[in-house]
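Peer 1: Contents of query-v4.cif (mmCIF, C-alpha atoms and all ligand atoms) are given next:
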```
data_entry
loop_
_atom_site.label_atom_id
_atom_site.label_comp_id
_atom_site.auth_asym_id
_atom_site.auth_seq_id
_atom_site.Cartn_x
_atom_site.Cartn_y
_atom_site.Cartn_z
CA MET A 984 7.12 -2.26 10.14
CA ASP A 985 5.42 1.03 9.19
CA THR A 986 6.72 3.01 6.25
CA ASP A 987 5.51 5.54 3.65
CA PHE A 988 5.91 3.57 0.41
CA ILE A 989 6.20 -0.15 -0.25
CA VAL A 990 7.47 -1.27 -3.65
CA ILE A 991 6.89 -4.90 -4.64
CA GLY A 992 9.65 -6.10 -6.98
CA GLY A 993 13.35 -5.25 -6.94
CA GLY A 994 14.13 -5.40 -10.68
CA VAL A 995 15.06 -2.23 -12.53
CA ALA A 996 11.45 -0.98 -12.35
CA GLY A 997 11.10 -1.37 -8.59
CA ALA A 998 14.64 -0.08 -7.98
CA SER A 999 14.10 3.11 -10.02
CA ALA A 1000 10.68 3.73 -8.47
CA GLY A 1001 12.09 3.08 -4.99
CA CYS A 1002 15.04 5.42 -5.57
CA GLU A 1003 12.80 8.29 -6.71
CA LEU A 1004 10.17 7.73 -4.02
CA ALA A 1005 12.87 7.78 -1.34
CA ALA A 1006 13.21 11.54 -1.97
CA HIS A 1007 9.64 11.89 -0.62
CA GLY A 1008 9.51 9.53 2.35
CA ARG A 1009 10.50 6.17 3.83
CA VAL A 1010 10.63 3.38 1.23
CA VAL A 1011 10.88 -0.40 1.46
CA VAL A 1012 11.49 -2.38 -1.75
CA LEU A 1013 10.50 -6.03 -1.38
CA GLU A 1014 12.18 -8.60 -3.64
CA ARG A 1015 11.19 -12.25 -3.63
CA GLU A 1016 14.60 -13.57 -4.76
CA ASP A 1017 18.00 -13.43 -3.03
CA THR A 1018 19.31 -11.28 -5.92
CA PRO A 1019 17.25 -8.34 -7.19
CA GLY A 1020 18.24 -8.63 -10.89
CA TYR A 1021 17.58 -12.36 -11.13
CA HIS A 1022 14.62 -12.18 -13.53
CA THR A 1023 14.13 -10.05 -16.66
CA THR A 1024 16.43 -7.20 -15.61
CA GLY A 1025 19.43 -9.53 -15.59
CA ARG A 1026 18.56 -11.10 -18.96
CA SER A 1027 18.32 -8.21 -21.42
CA ALA A 1028 20.23 -7.37 -24.59
CA ALA A 1029 21.31 -4.05 -23.03
CA LEU A 1030 20.54 -1.82 -26.01
CA TYR A 1031 19.46 1.82 -25.82
CA THR A 1032 17.64 2.94 -28.97
CA GLU A 1033 15.27 5.82 -29.59
CA ASN A 1034 13.77 4.00 -32.59
CA TYR A 1035 11.92 1.29 -30.73
CA GLY A 1036 8.37 1.02 -29.49
CA ASN A 1037 5.45 3.41 -29.73
CA ARG A 1038 5.34 7.17 -29.12
CA VAL A 1039 5.07 6.87 -25.31
CA ILE A 1040 8.04 4.49 -25.19
CA ARG A 1041 10.11 6.85 -27.33
CA ILE A 1042 9.32 9.81 -25.06
CA LEU A 1043 10.25 7.81 -21.93
CA THR A 1044 13.45 6.61 -23.61
CA ILE A 1045 14.57 10.07 -24.71
CA ALA A 1046 13.76 11.47 -21.25
CA SER A 1047 15.94 8.77 -19.67
CA LYS A 1048 19.08 9.62 -21.61
CA PRO A 1049 20.33 12.52 -19.43
CA PHE A 1050 20.47 10.13 -16.42
CA PHE A 1051 22.44 7.55 -18.41
CA ASP A 1052 24.79 10.22 -19.79
CA ARG A 1053 25.35 11.74 -16.35
CA HIS A 1054 26.48 8.37 -14.97
CA GLY A 1055 28.37 7.18 -18.07
CA PHE A 1056 26.12 4.13 -18.54
CA LEU A 1057 26.05 4.27 -22.37
CA SER A 1058 28.78 3.21 -24.78
CA PRO A 1059 28.83 3.47 -28.58
CA ARG A 1060 27.27 0.65 -30.59
CA GLY A 1061 24.96 1.76 -33.43
CA VAL A 1062 22.43 -0.41 -35.24
CA VAL A 1063 22.26 -1.50 -38.87
CA PHE A 1064 18.70 -2.57 -39.74
CA VAL A 1065 18.43 -4.83 -42.78
CA GLY A 1066 15.44 -5.64 -44.98
CA THR A 1067 14.97 -8.23 -47.70
CA ALA A 1068 13.17 -7.56 -51.01
CA GLU A 1069 9.90 -8.64 -49.33
CA GLN A 1070 10.39 -6.15 -46.48
CA ASP A 1071 10.27 -2.90 -48.47
CA ALA A 1072 7.09 -1.74 -46.75
CA ALA A 1073 8.66 -2.34 -43.32
CA ILE A 1074 11.71 -0.26 -44.29
CA GLU A 1075 9.42 2.59 -45.42
CA ARG A 1076 7.38 2.37 -42.20
CA ALA A 1077 10.53 2.48 -40.05
CA LEU A 1078 11.87 5.50 -41.96
CA ALA A 1079 8.53 7.31 -41.52
CA ASP A 1080 8.38 6.49 -37.77
CA GLY A 1081 11.98 7.63 -37.35
CA LYS A 1082 11.17 11.09 -38.75
CA ALA A 1083 8.90 11.89 -35.79
CA PHE A 1084 11.86 12.16 -33.41
CA PRO A 1085 15.08 14.11 -33.83
CA GLN A 1086 17.67 11.31 -33.66
CA THR A 1087 19.75 10.18 -36.62
CA PHE A 1088 18.13 7.35 -38.50
CA GLU A 1089 18.84 7.17 -42.20
CA GLU A 1090 18.87 4.78 -45.10
CA ILE A 1091 22.37 3.74 -46.18
CA SER A 1092 23.57 1.94 -49.30
CA LYS A 1093 24.18 -1.79 -49.31
CA ALA A 1094 27.89 -1.10 -49.72
CA GLU A 1095 27.87 1.09 -46.60
CA ALA A 1096 25.95 -1.56 -44.64
CA LEU A 1097 28.52 -4.18 -45.68
CA ARG A 1098 31.37 -1.87 -44.72
CA ARG A 1099 29.89 -1.50 -41.23
CA LEU A 1100 28.89 -5.18 -40.88
CA PRO A 1101 31.13 -7.21 -43.22
CA ILE A 1102 29.61 -10.51 -42.08
CA LEU A 1103 26.19 -9.71 -43.67
CA ARG A 1104 25.48 -11.91 -46.69
CA PRO A 1105 25.19 -9.48 -49.65
CA ASP A 1106 22.45 -11.59 -51.26
CA TYR A 1107 20.35 -11.65 -48.06
CA PHE A 1108 19.22 -8.02 -47.92
CA THR A 1109 18.26 -5.28 -50.36
CA ARG A 1110 18.02 -2.18 -48.12
CA ALA A 1111 19.53 -1.00 -44.84
CA ILE A 1112 19.05 1.76 -42.28
CA HIS A 1113 21.74 3.05 -39.91
CA GLU A 1114 21.05 4.35 -36.42
CA PRO A 1115 24.46 5.58 -35.25
CA ASP A 1116 23.29 6.88 -31.88
CA ALA A 1117 21.96 3.60 -30.46
CA THR A 1118 24.23 2.50 -27.62
CA ASP A 1119 24.99 -0.37 -25.30
CA MET A 1120 23.84 0.09 -21.71
CA ASP A 1121 25.59 -0.97 -18.50
CA VAL A 1122 22.47 -2.67 -17.10
CA HIS A 1123 24.12 -3.87 -13.90
CA GLY A 1124 25.50 -0.38 -13.28
CA ILE A 1125 22.08 1.21 -13.89
CA HIS A 1126 20.29 -1.20 -11.56
CA GLN A 1127 22.93 -0.79 -8.83
CA ALA A 1128 22.82 3.02 -9.17
CA PHE A 1129 19.09 2.99 -8.41
CA LEU A 1130 19.60 0.66 -5.45
CA LYS A 1131 22.42 2.86 -4.14
CA GLY A 1132 20.21 5.94 -4.58
CA LEU A 1133 17.51 4.15 -2.58
CA ARG A 1134 19.96 3.34 0.24
CA ASP A 1135 21.59 6.79 0.22
CA ARG A 1136 18.15 8.35 0.74
CA GLY A 1137 17.43 6.07 3.70
CA GLY A 1138 15.35 3.49 1.80
CA GLN A 1139 15.66 -0.24 2.29
CA LEU A 1140 15.84 -3.22 -0.07
CA VAL A 1141 14.54 -6.43 1.49
CA THR A 1142 15.59 -9.51 -0.48
CA SER A 1143 14.53 -13.17 -0.03
CA ALA A 1144 11.08 -11.82 0.82
CA GLY A 1145 9.18 -14.67 -0.86
CA ASP A 1146 5.93 -13.79 -2.59
CA ALA A 1147 4.88 -10.51 -1.01
CA VAL A 1148 1.08 -10.37 -0.62
CA ALA A 1149 -0.61 -6.98 -0.29
CA ARG A 1150 -3.98 -6.48 1.41
CA PRO A 1151 -5.98 -3.30 1.97
CA THR A 1152 -6.42 -2.45 5.65
CA GLY A 1153 -8.98 0.31 5.22
CA LYS A 1154 -6.35 2.93 6.13
CA GLY A 1155 -3.68 1.78 3.67
CA TRP A 1156 -1.89 -1.45 2.79
CA GLU A 1157 -0.37 -4.32 4.68
CA VAL A 1158 2.16 -6.48 2.85
CA GLU A 1159 3.08 -9.87 4.20
CA THR A 1160 6.44 -11.41 3.34
CA ARG A 1161 8.84 -14.06 4.56
CA GLN A 1162 10.81 -11.21 6.17
CA GLY A 1163 7.91 -9.77 8.12
CA THR A 1164 4.85 -7.58 7.63
CA PHE A 1165 5.10 -4.06 6.22
CA ARG A 1166 2.44 -1.32 6.34
CA ALA A 1167 2.16 1.85 4.25
CA PRO A 1168 -0.49 4.10 2.72
CA VAL A 1169 1.00 3.45 -0.73
CA VAL A 1170 1.99 0.21 -2.49
CA VAL A 1171 3.72 0.22 -5.88
CA ASN A 1172 3.34 -2.95 -7.93
CA ALA A 1173 6.61 -3.35 -9.86
CA ALA A 1174 6.52 -7.14 -9.92
CA GLY A 1175 7.43 -7.55 -13.61
CA ALA A 1176 5.82 -10.65 -15.12
CA TRP A 1177 4.00 -11.27 -11.82
CA ALA A 1178 2.32 -7.86 -11.62
CA ASP A 1179 -1.16 -9.17 -12.43
CA MET A 1180 -0.75 -11.98 -9.88
CA VAL A 1181 0.24 -9.44 -7.21
CA ALA A 1182 -2.84 -7.37 -8.11
CA GLU A 1183 -5.22 -10.33 -8.02
CA ALA A 1184 -3.89 -11.44 -4.62
CA ALA A 1185 -4.57 -7.89 -3.41
CA GLY A 1186 -8.12 -7.91 -4.80
CA VAL A 1187 -7.19 -5.37 -7.52
CA ARG A 1188 -8.46 -5.68 -11.08
CA PRO A 1189 -5.65 -7.07 -13.31
CA ILE A 1190 -4.50 -5.23 -16.43
CA GLY A 1191 -4.27 -8.19 -18.80
CA LEU A 1192 -0.49 -8.45 -18.66
CA VAL A 1193 1.02 -11.07 -20.98
CA PRO A 1194 4.60 -12.17 -20.22
CA LYS A 1195 6.33 -13.17 -23.47
CA ARG A 1196 9.44 -15.31 -23.49
CA ARG A 1197 12.45 -14.09 -25.45
CA THR A 1198 15.54 -16.24 -26.02
CA ALA A 1199 19.17 -15.19 -26.37
CA ILE A 1200 22.43 -17.01 -26.95
CA THR A 1201 26.09 -16.12 -27.05
CA PHE A 1202 28.54 -17.94 -29.29
CA ASP A 1203 32.18 -17.73 -30.31
CA ALA A 1204 33.00 -15.48 -33.24
CA PRO A 1205 35.61 -16.67 -35.77
CA SER A 1206 39.03 -16.06 -34.25
CA ASP A 1207 40.12 -13.88 -37.21
CA THR A 1208 37.06 -11.57 -37.00
CA PRO A 1209 37.34 -8.42 -34.87
CA VAL A 1210 33.77 -8.33 -33.55
CA HIS A 1211 34.12 -5.59 -30.95
CA GLY A 1212 33.43 -2.59 -33.18
CA TRP A 1213 30.41 -3.98 -35.03
CA PRO A 1214 27.04 -2.30 -34.69
CA MET A 1215 24.06 -4.45 -33.78
CA GLY A 1216 22.53 -6.15 -36.84
CA LEU A 1217 18.73 -6.12 -36.64
CA ASP A 1218 16.10 -7.45 -38.99
CA ILE A 1219 13.75 -4.57 -39.87
CA GLU A 1220 10.75 -6.61 -38.65
CA GLU A 1221 12.63 -7.82 -35.58
CA THR A 1222 12.84 -11.51 -36.44
CA PHE A 1223 16.47 -11.69 -35.24
CA TYR A 1224 19.30 -9.53 -33.98
CA PHE A 1225 22.96 -9.95 -33.10
CA LYS A 1226 25.67 -7.80 -31.55
CA PRO A 1227 29.11 -8.11 -29.98
CA GLU A 1228 29.15 -9.13 -26.33
CA ALA A 1229 32.45 -9.38 -24.44
CA GLY A 1230 34.42 -10.76 -27.42
CA ARG A 1231 31.61 -13.09 -28.47
CA VAL A 1232 28.36 -12.62 -30.38
CA LEU A 1233 24.99 -12.26 -28.64
CA ALA A 1234 22.02 -13.24 -30.82
CA SER A 1235 18.27 -13.61 -30.45
CA PRO A 1236 15.46 -14.91 -32.67
CA ALA A 1237 13.38 -12.11 -31.13
CA ASP A 1238 10.73 -14.63 -30.09
CA GLU A 1239 7.63 -13.50 -28.21
CA THR A 1240 6.04 -16.68 -26.88
CA PRO A 1241 3.28 -16.06 -24.31
CA SER A 1242 4.18 -17.64 -20.98
CA ASP A 1243 2.98 -17.88 -17.43
CA PRO A 1244 5.12 -15.83 -15.04
CA CYS A 1245 8.08 -18.11 -14.21
CA ASP A 1246 11.84 -18.49 -14.15
CA ALA A 1247 11.98 -18.53 -17.97
CA GLN A 1248 14.25 -21.08 -19.62
CA PRO A 1249 15.34 -21.22 -23.28
CA ASP A 1250 13.48 -23.64 -25.51
CA GLU A 1251 15.71 -25.71 -27.83
CA TYR A 1252 13.43 -24.94 -30.78
CA ASP A 1253 13.93 -21.16 -30.32
CA VAL A 1254 17.69 -21.66 -30.01
CA ALA A 1255 17.66 -23.61 -33.32
CA VAL A 1256 15.56 -20.87 -35.00
CA CYS A 1257 18.06 -18.30 -33.76
CA VAL A 1258 21.02 -20.19 -35.23
CA ASP A 1259 19.21 -20.71 -38.54
CA ARG A 1260 18.28 -17.02 -38.94
CA ILE A 1261 21.78 -15.81 -38.06
CA GLU A 1262 23.43 -18.26 -40.45
CA ARG A 1263 21.06 -17.31 -43.29
CA ALA A 1264 21.60 -13.56 -42.88
CA THR A 1265 25.34 -13.60 -42.13
CA THR A 1266 28.47 -15.59 -42.86
CA LEU A 1267 28.76 -16.45 -39.15
CA GLN A 1268 28.74 -20.15 -38.24
CA VAL A 1269 27.39 -20.96 -34.80
CA ARG A 1270 29.78 -23.75 -33.82
CA ARG A 1271 29.74 -23.46 -30.04
CA ILE A 1272 26.99 -21.82 -28.00
CA THR A 1273 28.66 -20.52 -24.86
CA HIS A 1274 25.53 -19.40 -23.03
CA LYS A 1275 21.77 -19.46 -23.61
CA TRP A 1276 18.99 -17.92 -21.61
CA ALA A 1277 15.45 -16.59 -21.79
CA GLY A 1278 13.56 -13.81 -20.07
CA LEU A 1279 9.98 -12.57 -19.93
CA ARG A 1280 9.07 -9.28 -21.60
CA SER A 1281 5.62 -8.36 -20.24
CA PHE A 1282 3.12 -6.35 -22.27
CA VAL A 1283 -0.45 -5.12 -21.99
CA ALA A 1284 -2.62 -4.94 -25.12
CA ASP A 1285 -1.34 -1.57 -26.42
CA LYS A 1286 2.30 -2.23 -25.50
CA THR A 1287 2.44 0.95 -23.40
CA PRO A 1288 3.55 0.66 -19.75
CA VAL A 1289 0.96 1.07 -17.03
CA VAL A 1290 1.74 3.74 -14.43
CA GLY A 1291 -0.84 5.22 -12.10
CA GLU A 1292 -3.23 4.49 -9.28
CA ALA A 1293 -5.49 1.47 -9.71
CA PRO A 1294 -8.99 2.89 -10.34
CA ASP A 1295 -10.50 0.31 -7.97
CA ALA A 1296 -7.88 0.45 -5.18
CA PRO A 1297 -6.79 3.76 -3.63
CA GLY A 1298 -3.10 3.72 -2.71
CA PHE A 1299 -2.26 0.83 -5.06
CA PHE A 1300 -0.06 2.06 -7.92
CA TRP A 1301 0.89 0.23 -11.10
CA CYS A 1302 4.42 0.23 -12.52
CA ALA A 1303 4.15 -2.61 -15.03
CA GLY A 1304 4.14 -3.61 -18.68
CA GLN A 1305 7.65 -2.37 -19.54
CA GLY A 1306 7.89 -4.98 -22.30
CA GLY A 1307 11.20 -4.90 -24.17
CA TYR A 1308 11.99 -1.33 -23.13
CA GLY A 1309 12.21 -1.51 -19.34
CA ILE A 1310 15.91 -0.76 -18.93
CA MET A 1311 16.17 2.13 -21.37
CA THR A 1312 13.02 3.79 -19.97
CA SER A 1313 13.75 3.11 -16.28
CA PRO A 1314 15.01 6.54 -15.18
CA ALA A 1315 11.96 8.33 -16.61
CA MET A 1316 9.61 5.59 -15.37
CA GLY A 1317 10.98 5.96 -11.82
CA ARG A 1318 10.38 9.72 -11.87
CA LEU A 1319 6.89 9.20 -13.27
CA VAL A 1320 5.93 6.67 -10.61
CA ALA A 1321 7.17 9.02 -7.89
CA ALA A 1322 5.13 11.88 -9.37
CA VAL A 1323 1.86 9.93 -9.60
CA ALA A 1324 2.29 8.23 -6.21
CA THR A 1325 2.89 11.57 -4.46
CA GLY A 1326 0.18 13.44 -6.36
CA ALA A 1327 2.72 15.70 -8.11
CA ALA A 1328 2.46 17.00 -11.67
CA MET A 1329 3.88 15.11 -14.63
CA PRO A 1330 7.69 15.70 -14.70
CA ALA A 1331 8.31 18.83 -16.80
CA ASP A 1332 10.48 17.14 -19.46
CA LEU A 1333 7.84 14.46 -20.09
CA ALA A 1334 5.04 17.05 -20.18
CA ALA A 1335 7.08 19.16 -22.63
CA MET A 1336 7.23 16.17 -25.00
CA GLY A 1337 3.44 15.93 -24.84
CA LEU A 1338 3.04 12.98 -22.47
CA ALA A 1339 -0.22 12.97 -20.50
CA PRO A 1340 -0.85 10.84 -17.37
CA ALA A 1341 -3.97 9.31 -18.98
CA GLU A 1342 -1.80 7.70 -21.67
CA LEU A 1343 -0.23 5.46 -19.04
CA ALA A 1344 -3.13 5.08 -16.59
CA ALA A 1345 -4.73 1.66 -16.09
CA GLN A 1346 -8.15 3.19 -16.86
CA ARG A 1347 -7.39 3.23 -20.59
CA LEU A 1348 -7.32 -0.57 -20.58
CA PHE A 1349 -10.75 -0.84 -18.99
CA ALA A 1350 -12.49 1.78 -21.13
CA ALA A 1351 -14.10 -0.57 -23.67
C1 LIG A 1401 16.10 -11.21 -24.08
C2 LIG A 1401 15.67 -9.85 -23.61
C3 LIG A 1401 16.23 -8.72 -24.19
C4 LIG A 1401 15.88 -7.44 -23.73
N1 LIG A 1401 16.54 -6.37 -24.24
C5 LIG A 1401 16.28 -5.13 -23.76
C6 LIG A 1401 17.02 -4.02 -24.24
O1 LIG A 1401 17.91 -4.16 -25.08
N2 LIG A 1401 16.72 -2.77 -23.74
C7 LIG A 1401 15.75 -2.60 -22.78
O2 LIG A 1401 15.52 -1.46 -22.35
N3 LIG A 1401 15.03 -3.65 -22.31
C8 LIG A 1401 15.28 -4.91 -22.78
N4 LIG A 1401 14.56 -5.97 -22.30
C9 LIG A 1401 13.43 -5.72 -21.39
C10 LIG A 1401 13.86 -5.42 -19.97
O3 LIG A 1401 14.79 -6.38 -19.54
C11 LIG A 1401 12.60 -5.42 -19.07
O4 LIG A 1401 11.64 -4.51 -19.57
C12 LIG A 1401 12.93 -5.01 -17.63
O5 LIG A 1401 14.01 -5.75 -17.12
C13 LIG A 1401 11.71 -5.21 -16.74
O6 LIG A 1401 12.10 -4.90 -15.42
P1 LIG A 1401 11.14 -5.24 -14.20
O7 LIG A 1401 11.80 -4.70 -12.99
O8 LIG A 1401 9.76 -4.82 -14.54
O9 LIG A 1401 11.08 -6.84 -14.17
P2 LIG A 1401 12.02 -7.89 -13.39
O10 LIG A 1401 13.46 -7.64 -13.60
O11 LIG A 1401 11.52 -9.25 -13.75
O12 LIG A 1401 11.72 -7.57 -11.88
C14 LIG A 1401 10.50 -7.91 -11.25
C15 LIG A 1401 10.88 -8.46 -9.89
O13 LIG A 1401 9.71 -8.63 -9.10
C16 LIG A 1401 9.93 -9.72 -8.25
N5 LIG A 1401 8.63 -10.18 -7.77
C17 LIG A 1401 7.61 -10.68 -8.50
N6 LIG A 1401 6.55 -10.96 -7.71
C18 LIG A 1401 6.93 -10.64 -6.45
C19 LIG A 1401 6.27 -10.71 -5.19
N7 LIG A 1401 5.01 -11.14 -5.06
N8 LIG A 1401 6.96 -10.30 -4.08
C20 LIG A 1401 8.23 -9.83 -4.19
N9 LIG A 1401 8.90 -9.75 -5.36
C21 LIG A 1401 8.24 -10.14 -6.47
C22 LIG A 1401 10.65 -10.73 -9.11
O14 LIG A 1401 11.37 -11.67 -8.35
C23 LIG A 1401 11.53 -9.83 -9.96
O15 LIG A 1401 12.86 -9.73 -9.46
C24 LIG A 1401 14.89 -7.28 -22.71
C25 LIG A 1401 14.32 -8.41 -22.14
C26 LIG A 1401 14.70 -9.68 -22.56
C27 LIG A 1401 14.11 -10.88 -21.90
#
```
Is it possible to give me this structure as structure tokens?
Peer 2:
Amino acid sequence: MDTDFIVIGGGVAGASAGCELAAHGRVVVLEREDTPGYHTTGRSAALYTENYGNRVIRILTIASKPFFDRHGFLSPRGVVFVGTAEQDAAIERALADGKAFPQTFEEISKAEALRRLPILRPDYFTRAIHEPDATDMDVHGIHQAFLKGLRDRGGQLVTSAGDAVARPTGKGWEVETRQGTFRAPVVVNAAGAWADMVAEAAGVRPIGLVPKRRTAITFDAPSDTPVHGWPMGLDIEETFYFKPEAGRVLASPADETPSDPCDAQPDEYDVAVCVDRIERATTLQVRRITHKWAGLRSFVADKTPVVGEAPDAPGFFWCAGQGGYGIMTSPAMGRLVAAVATGAAMPADLAAMGLAPAELAAQRLFAA
């Protein structure tokens, strides 16, 4: 089948890129699994926060908010960051970083932190920061909205495609799958943890992507504790977090264990670390774990996503390295991929915030 754009990977990255590209031509999104959100996209903590990641991440996050607001994908949550006596420097760093962007992010008293999160142990922490504007995200809704946008614009999602393998033809790209062969002048590599493997199979220089496993659990809250209105509780150095999730508590030890690309499974050790950290910081007792899972957050060395044409392979575009920010940055990332893959200028809102294409280009990783 001949088309204009082929996107490899049907997670939130491939779906948003596919949706935006479909405004410019015929698009086919190829997903290995039967279900497009099976891997990292379906395993996130679903938090939107403008106080996470480096400058580029923060710009992409802020630029994504109008899309989420337009579709009603955000709901109030807030975050209370806590720091122990040994974490003073981390609190100061976070406050300084927070000043660079306009959102509300301010130190609150211990009493105020305990009022917002009564299950914190008063002797565990010395300082706290409140981010009232952090929200929960409807991840399924976001992913489905991109896939609907793709379909509405005449694009196609092909699931159960197996491992799509791209090869240059001299005039463009040919991608072989279990569902047939697809040809296009442009291929977008949005294969999540597998993005370097897709590149290597295509003869394209890899970007040094490292998938890192992160574990999460849900457990029952005490029956007399109204969990729903709590903010997320987050260690200032991200060694654990917890938040309400459908009447239960979702918690993570915020692990980052390097892994091969795979169907990530939770490790019992990480689950035990999670329980220990939550029980030391709060009065919660983890008596019954109702669900546990793990997902791969994939990073390159500078923790900035890679978007742009591969310097060694014309027509092969990267959309990878979304790390722990891939849902909350997905609308802006999709627009950015569409701009670079069609040769258009940087979207005006991103340019106005000072983002330059070179900051995301793969070249930066090969400079040294
Ligand atoms: C525990 C946890 C908590 C997180 N919390 C948050 C959060 O609060 N907020 C946030 O914004 N982000 C969060 N993230 C990160 C976010 O989930 C990811 O950044 C995002 O889902 C990455 O999307 P993706 O489409 O790149 O990857 P994926 O969803 O993994 O999609 C890649 C797809 O490519 C497919 N694929 C791979 N190779 C091929 C091939 N050769 N052919 C065809 N298909 C292929 C795979 O099957 C897969 O479906 C979290 C992640 C984890 C694990």
Peer 1: Listed atoms of ligand LIG 1401 (chain A), axis-aligned box, 8 Å per side: centre and edge lengths to one decimal in Å, as lines of an AutoDock Vina configuration file?
Peer 2:
```
center_x = 11.5
center_y = -6.6
center_z = -14.6
size_x = 28.9
size_y = 26.2
size_z = 37.0
```
Peer 1: Which of these residues is nearest to A:Gly1153, using all atoms listed in the file: A:Ala1264, A:Ala1296, A:Asn1037, A:Asp1243?
Peer 2: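 Among the listed residues, A:Ala1296 lies closest to A:Gly1153.
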Peer 1: Counting all atoms listed in the file, which of A:Gly1137, A:Pro1101, A:Gly1008, A:Gly994 gets nearest to A:Ala1167?
Peer 2: A:Gly1008
Peer 1: Just checking: using only C-alpha atoms and all ligand atoms, which residue out of A:Ala1174, A:Val1012, A:Leu1078, A:Leu1319 ends up closest to ligand LIG 1401 (chain A)?
Peer 2: A:Ala1174
Peer 1: Calculated over all atoms listed in the file, which of the candidates A:Gln1127, A:Thr1118, A:Thr986, A:Thr1044 has the smallest distance to A:Gln1305?
Peer 2: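 Answer, going by the shortest atom-to-atom distance: A:Thr1044.
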Peer 1: Give me, as a list in words, all polymer residues having an atom no more than 6 Å from A:Phe1202, counting all atoms listed in the file and skipping those fewer than 3 positions away in the same chain.
Peer 2: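 Non-adjacent residues within range: Arg1231, Val1232, Arg1271, Ile1272 and Thr1273 of chain A.
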Peer 1: Can you tell me which residues sit at most 6 Å away from ligand LIG 1401 (chain A), counting only C-alpha atoms and all ligand atoms, written as a short mmCIF file (atom, residue, chain, number, x, y, z; two decimals) with C-alpha atoms, in the frame of the given file?
Peer 2:
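Below is the file selection-v4.cif, written as the result:
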```cif
data_model
loop_
_atom_site.label_atom_id
_atom_site.label_comp_id
_atom_site.auth_asym_id
_atom_site.auth_seq_id
_atom_site.Cartn_x
_atom_site.Cartn_y
_atom_site.Cartn_z
CA ILE A 991 6.89 -4.90 -4.64
CA GLY A 992 9.65 -6.10 -6.98
CA GLY A 993 13.35 -5.25 -6.94
CA GLY A 994 14.13 -5.40 -10.68
CA VAL A 995 15.06 -2.23 -12.53
CA ALA A 996 11.45 -0.98 -12.35
CA GLY A 997 11.10 -1.37 -8.59
CA LEU A 1013 10.50 -6.03 -1.38
CA GLU A 1014 12.18 -8.60 -3.64
CA ARG A 1015 11.19 -12.25 -3.63
CA GLU A 1016 14.60 -13.57 -4.76
CA PRO A 1019 17.25 -8.34 -7.19
CA GLY A 1020 18.24 -8.63 -10.89
CA TYR A 1021 17.58 -12.36 -11.13
CA HIS A 1022 14.62 -12.18 -13.53
CA THR A 1023 14.13 -10.05 -16.66
CA THR A 1024 16.43 -7.20 -15.61
CA ARG A 1026 18.56 -11.10 -18.96
CA SER A 1027 18.32 -8.21 -21.42
CA ALA A 1028 20.23 -7.37 -24.59
CA ALA A 1029 21.31 -4.05 -23.03
CA LEU A 1030 20.54 -1.82 -26.01
CA TYR A 1031 19.46 1.82 -25.82
CA GLY A 1145 9.18 -14.67 -0.86
CA ASP A 1146 5.93 -13.79 -2.59
CA ALA A 1147 4.88 -10.51 -1.01
CA VAL A 1148 1.08 -10.37 -0.62
CA ALA A 1173 6.61 -3.35 -9.86
CA ALA A 1174 6.52 -7.14 -9.92
CA GLY A 1175 7.43 -7.55 -13.61
CA TRP A 1177 4.00 -11.27 -11.82
CA VAL A 1181 0.24 -9.44 -7.21
CA ARG A 1197 12.45 -14.09 -25.45
CA THR A 1198 15.54 -16.24 -26.02
CA ALA A 1199 19.17 -15.19 -26.37
CA ALA A 1277 15.45 -16.59 -21.79
CA GLY A 1278 13.56 -13.81 -20.07
CA LEU A 1279 9.98 -12.57 -19.93
CA ARG A 1280 9.07 -9.28 -21.60
CA GLN A 1305 7.65 -2.37 -19.54
CA GLY A 1306 7.89 -4.98 -22.30
CA GLY A 1307 11.20 -4.90 -24.17
CA TYR A 1308 11.99 -1.33 -23.13
CA GLY A 1309 12.21 -1.51 -19.34
CA ILE A 1310 15.91 -0.76 -18.93
CA MET A 1311 16.17 2.13 -21.37
#
```
Peer 1: Atom CA of A:Arg1099 and atom CA of A:Ala1117 are how many Å apart?
Peer 2: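 Computing it gives 14.3 Å between the two atoms.
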Peer 1: Enter the distance from atom CA of A:Glu1069 to atom CA of A:Ile1261, in Å, rounded to one decimal.
Peer 2: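 Computing the Euclidean distance for atom CA of A:Glu1069 and atom CA of A:Ile1261 yields 17.9 Å.
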Peer 1: Please identify every residue of stretch 1109-1206 of chain A that has at least one atom no farther than 9 Å from an atom of stretch 1060-1068 of chain A, counting only C-alpha atoms, and for each give the shortest atom pair and the distance in Å to one decimal, arranged by chain then increasing number, as JSON lines.
Peer 2:
```
{"residue": "A:Thr1109", "atom": "CA", "partner": "A:Thr1067", "partner_atom": "CA", "distance": 5.2}
{"residue": "A:Arg1110", "atom": "CA", "partner": "A:Gly1066", "partner_atom": "CA", "distance": 5.3}
{"residue": "A:Ala1111", "atom": "CA", "partner": "A:Val1065", "partner_atom": "CA", "distance": 4.5}
{"residue": "A:Ile1112", "atom": "CA", "partner": "A:Phe1064", "partner_atom": "CA", "distance": 5.0}
{"residue": "A:His1113", "atom": "CA", "partner": "A:Val1063", "partner_atom": "CA", "distance": 4.7}
{"residue": "A:Glu1114", "atom": "CA", "partner": "A:Val1062", "partner_atom": "CA", "distance": 5.1}
{"residue": "A:Pro1115", "atom": "CA", "partner": "A:Gly1061", "partner_atom": "CA", "distance": 4.3}
{"residue": "A:Asp1116", "atom": "CA", "partner": "A:Gly1061", "partner_atom": "CA", "distance": 5.6}
{"residue": "A:Ala1117", "atom": "CA", "partner": "A:Gly1061", "partner_atom": "CA", "distance": 4.6}
{"residue": "A:Thr1118", "atom": "CA", "partner": "A:Arg1060", "partner_atom": "CA", "distance": 4.6}
{"residue": "A:Asp1119", "atom": "CA", "partner": "A:Arg1060", "partner_atom": "CA", "distance": 5.9}
```
